[in-house]
Amino acid sequence: MAYIDVPYEEANYNPLAAEQFYKNKRIESLSRTLQIVSKSSGFISNTILDAKLNREDELVDQRSDELLQLVSELGPTFIKIGQALSTRTDLLPAKYAKGLVGLQDAVPPFSAELGRKVIEDELNIKIDDVFSELSMQPVASASIGQVYKGRLRSTGEYVAVKVQRPAVLSSVAMDLHMLRTLAPMYQKNKEINTDLVGLVDAWGEGFVNELDYRKEAKYTTEFSKAMKDRNLDAVFAPEVVEELSSIHVLTTKWVDGVRLADSDAEDVPRLCGVALNAYLTMMLDTGTLHCDPHPGNLLRTPDGRLCILDWGMVINVPENLQLSLLEFIANLNAKNYEDVPDDLVKLQFVPAGKIEELRSSGLTVAISNMLSLAAEGGGPKGAMKRMVAQNKEKYADALSEFDDLDSKEATEVRQRLFREDWERQMAEDAMSRDDSSSSTSTTMDVTMKIEQMSQKNADVFKIPDYFVYMSRAFSTLEGIGLSQDENYSILQECYPYLAKRLLSDDSPRARGALRTLLYGKDGEELDLSKVKELSGGFESYTSSTSSVDSGKGTSDEGRDSTISQLADVILSEDSNYVQDILLHESAVALDASVRDVLLTPLDPLRNLPSLPSLPLITLPLDVAKATLDLQSIDDKDHKALENVKILTDALGGSSGGISSNLSSGNSSVSPVRIIEEASKRQTALTRIGLRFGSSLANVQAKRLRQRSENGSKNEVVRDRLAEQGADVLDLLSSTISSIDKRLGK
């Protein structure tokens with residue numbers, strides 16, 4: 001294909017080439033400029049007049065509809081930009097942005113004859129030779145193409161044929177060049193902090209990449225393969241028909257389904273979870289993120305699976321950023337807010353040189369507060385209810401004079417105190433400028449507040465491109481979830497994937513995130529509630545994504561997969577971080593339990609009076625008392641014993657315990673299945689046993705040294721016993737580790 005009227009090819013956006021190209025096409029550029037000005041001047045004049053006459057709120061719905069119509073008339077580039085601006089209230093007022101959401105369905109189709117000609121020319125075929133049926137009118141129309149439903153003559157299969165609008169690259173390239181030229185003037189006039197030239201380039205790269213349907217075919221195929229490789233069989237993308245696809249035509253097998261947002265099926269919340277897990281997998285694992293997750297692209301198929309359509313726009317999330325997101329989520333979950341500023345630097349929200357300004361700005365507190373309120377579900381309204389309840393308790397003394405805490409007077413006092421507090425945290429503006437009741441998505445609500453923070457703190461804070469696409473995906477899914485369940489929490493729905501990822505990723509940074517989650521800020525004491533959440537989340541992830549029947553609870557496939565995947569980690573022949581943690585904590589528990597059972601009856605010996613010491617002679621009673629002192633139960637041991645009891649109750653016959661559910665099949669921790677998995681790993685069990693012995697020796701050696709360091713300096717016998725015992729145990733641990741390594745070879 002010859003590229004005559006375009007400065008670059010599809011999927012090869014080059015603004016510098018466009019600048020040189022359009023220097024020789026001044027008449028065409030001027031003509032397009034006049035066309036845009038003539039179409040938009042009425043809308044611009046009306047909005048200016050609205051502001052002068054203070055009637056903006058009165059006419060906001062009308063202007064929003066007018067903007068939607070204007071953008072649709074201006075063509076593909078402005079439609080794509082309008083779709084992007086619908087989520088960027090930092091660039092376009094929210095009152096107008098909401099109307100642009102309708103752009104998903106407001107694109108007029110081009111003629112059927114033209115569409116058929118593109119198909120025949122691109123594929124070098126005759127339609128009647130290949131298709132026994134092909135719809136005369138498109139079944140769907142988008143900004144750069146439209147879709148026909150056909151039936152293959154050779155196989156009888158139904159297919160979807162996506163055809164690109166003719167000459168769309170020429171139109172897009174010119175409009176992007178004009179926008180890029182005008183961006184600096186608009187930015188200066190409106191005093192906007194965002195780099196508009198950089199933003200146009202980011203949009204341009206995405207739009208121009210989308211014009212090469214070969215790339216879309218590649219991403220579509222890769223997504224289905226990636227999900228299948230990860231046992232995510234409940235989600236897929238349409239199958240590409242390679243021989244009927246080209247740069248401007250994409251043919252896939254037809255997928256019957258209903259929009260997820262329109263479905264009244266009972267399993268819609270489950271499929272929201274499946275979709276969320278798929279997007280988290282893309283963002284934090286495969287690194288290829290689908291950037292167009294509007295409701296029309298999420299289908300519930302008749303068999304209860306989720307199909308994700310339209311892979312024209314994707315962004316790549318580098319591995320470093322993936323791990324930074326994992327660390328950020330772990331720190332928030334563990335309430336480790338001191339490390340959040342470092343996370344925000346890694347996540348590209350804050351330049352590295354601005355971290356101290358961030359720490360002193362109070363933005364960390366604001367973000368943490370927002371996410372903490374959002375995590376409990378219910379959307380913005382639920383978050384607002386919790387905020388009000390918190391403030392009633394927080395300002396109880398100041399509100400004690402009011403009999404009715406919901407009275408107008410009490411509410412005014414509470415709101416005043418809240419605003420004063422929020423100003424001290426440098427985030428009041430971000431939390432109060434918009435009416436939260438106007439939003440139906442916590443994700444969108446938080447996104448808007450982060451955008452407002454970016455405006456107010458532009459020298460410290462910026463919004464990276466990936467965050468815009470990520471928030472767009474999450475807000476779509478949350479909106480669907482909230483329509484089914486008013487208490488739906490998208491942040492809680494993220495936890496199953498986090499659990500699965502942290503339990504299966506043995507990279508150093510993932511290890512650190514897991515340790516933060518399990519041990520908290522101080523890194524000393526295991527939080528059993530987090531262990532329970534992680535194991536439950538892992539099972540939830542595996543069950544909901546393995547298959548439709550598994551997600552519905554009518555199949556053991558997810559449960560069996562959970563056991564198998566956990567066994568691969570816990571019973572691995574080669575050590576990994578999760579296994580090391582389990583062996584260490586088991587060794588701590590066993591050490592404390594054995595000492596508690598064996599030494600408690602002998603504890604009275606510690607209170608016997610010591611005999612006068614003799615030079616160069618250590619009396620047996622002194623040795624016994626020193627030994628008992630070194631082996632005694634302290635506060636750490638009591639905590640370990642308490643953990644043992646909690647785990648025993650959970651595994652035993654107590655109400656709600658695992659064993660009480662075994663007969664009904666409600667638990668994934670079936671002893672029979674565990675034994676079956678263990679029996680397949682005889683060599684691994686031998687090596688794990690050795691590693692446990694080494695860990696037990698290490699735990700005991702560490703305890704002896706700590707007891708010696710924390711005791712009285714005059715306890716010569718005890719210190720000598722501790723040092724000798726620790727040295728022997730270290731040697732034993734080293735010897736066992738050597739045996740394990742030899743077995744590994």
# chains A, B, ... in the order shown; residues from 1 in each chain; ligands from 1
>>> residues_around(residues="segment 493-495 of chain A", least_positions_apart="6", cutoff="12 Å", atoms="only C-alpha atoms", output="number ranges by chain")
A: 269-281, 284, 326, 329-330, 332-333, 374-377, 474, 477-478, 481, 487, 501-502, 517, 530, 533-541, 544
>>> select_by_dssp(residues="segment 159-290 of chain A", states="strand (DSSP E or B)", output="count of residues only")
19
>>> residues_around(residues="Leu289 of chain A", least_positions_apart="3", cutoff="9 Å", atoms="only C-alpha atoms", output="list in words")
Tyr279, Leu280, Thr281, Met282, Met283, Thr286, Met313, Val314, Ile315, Asn316, Val317, Tyr466, Tyr469 and Met470 of chain A
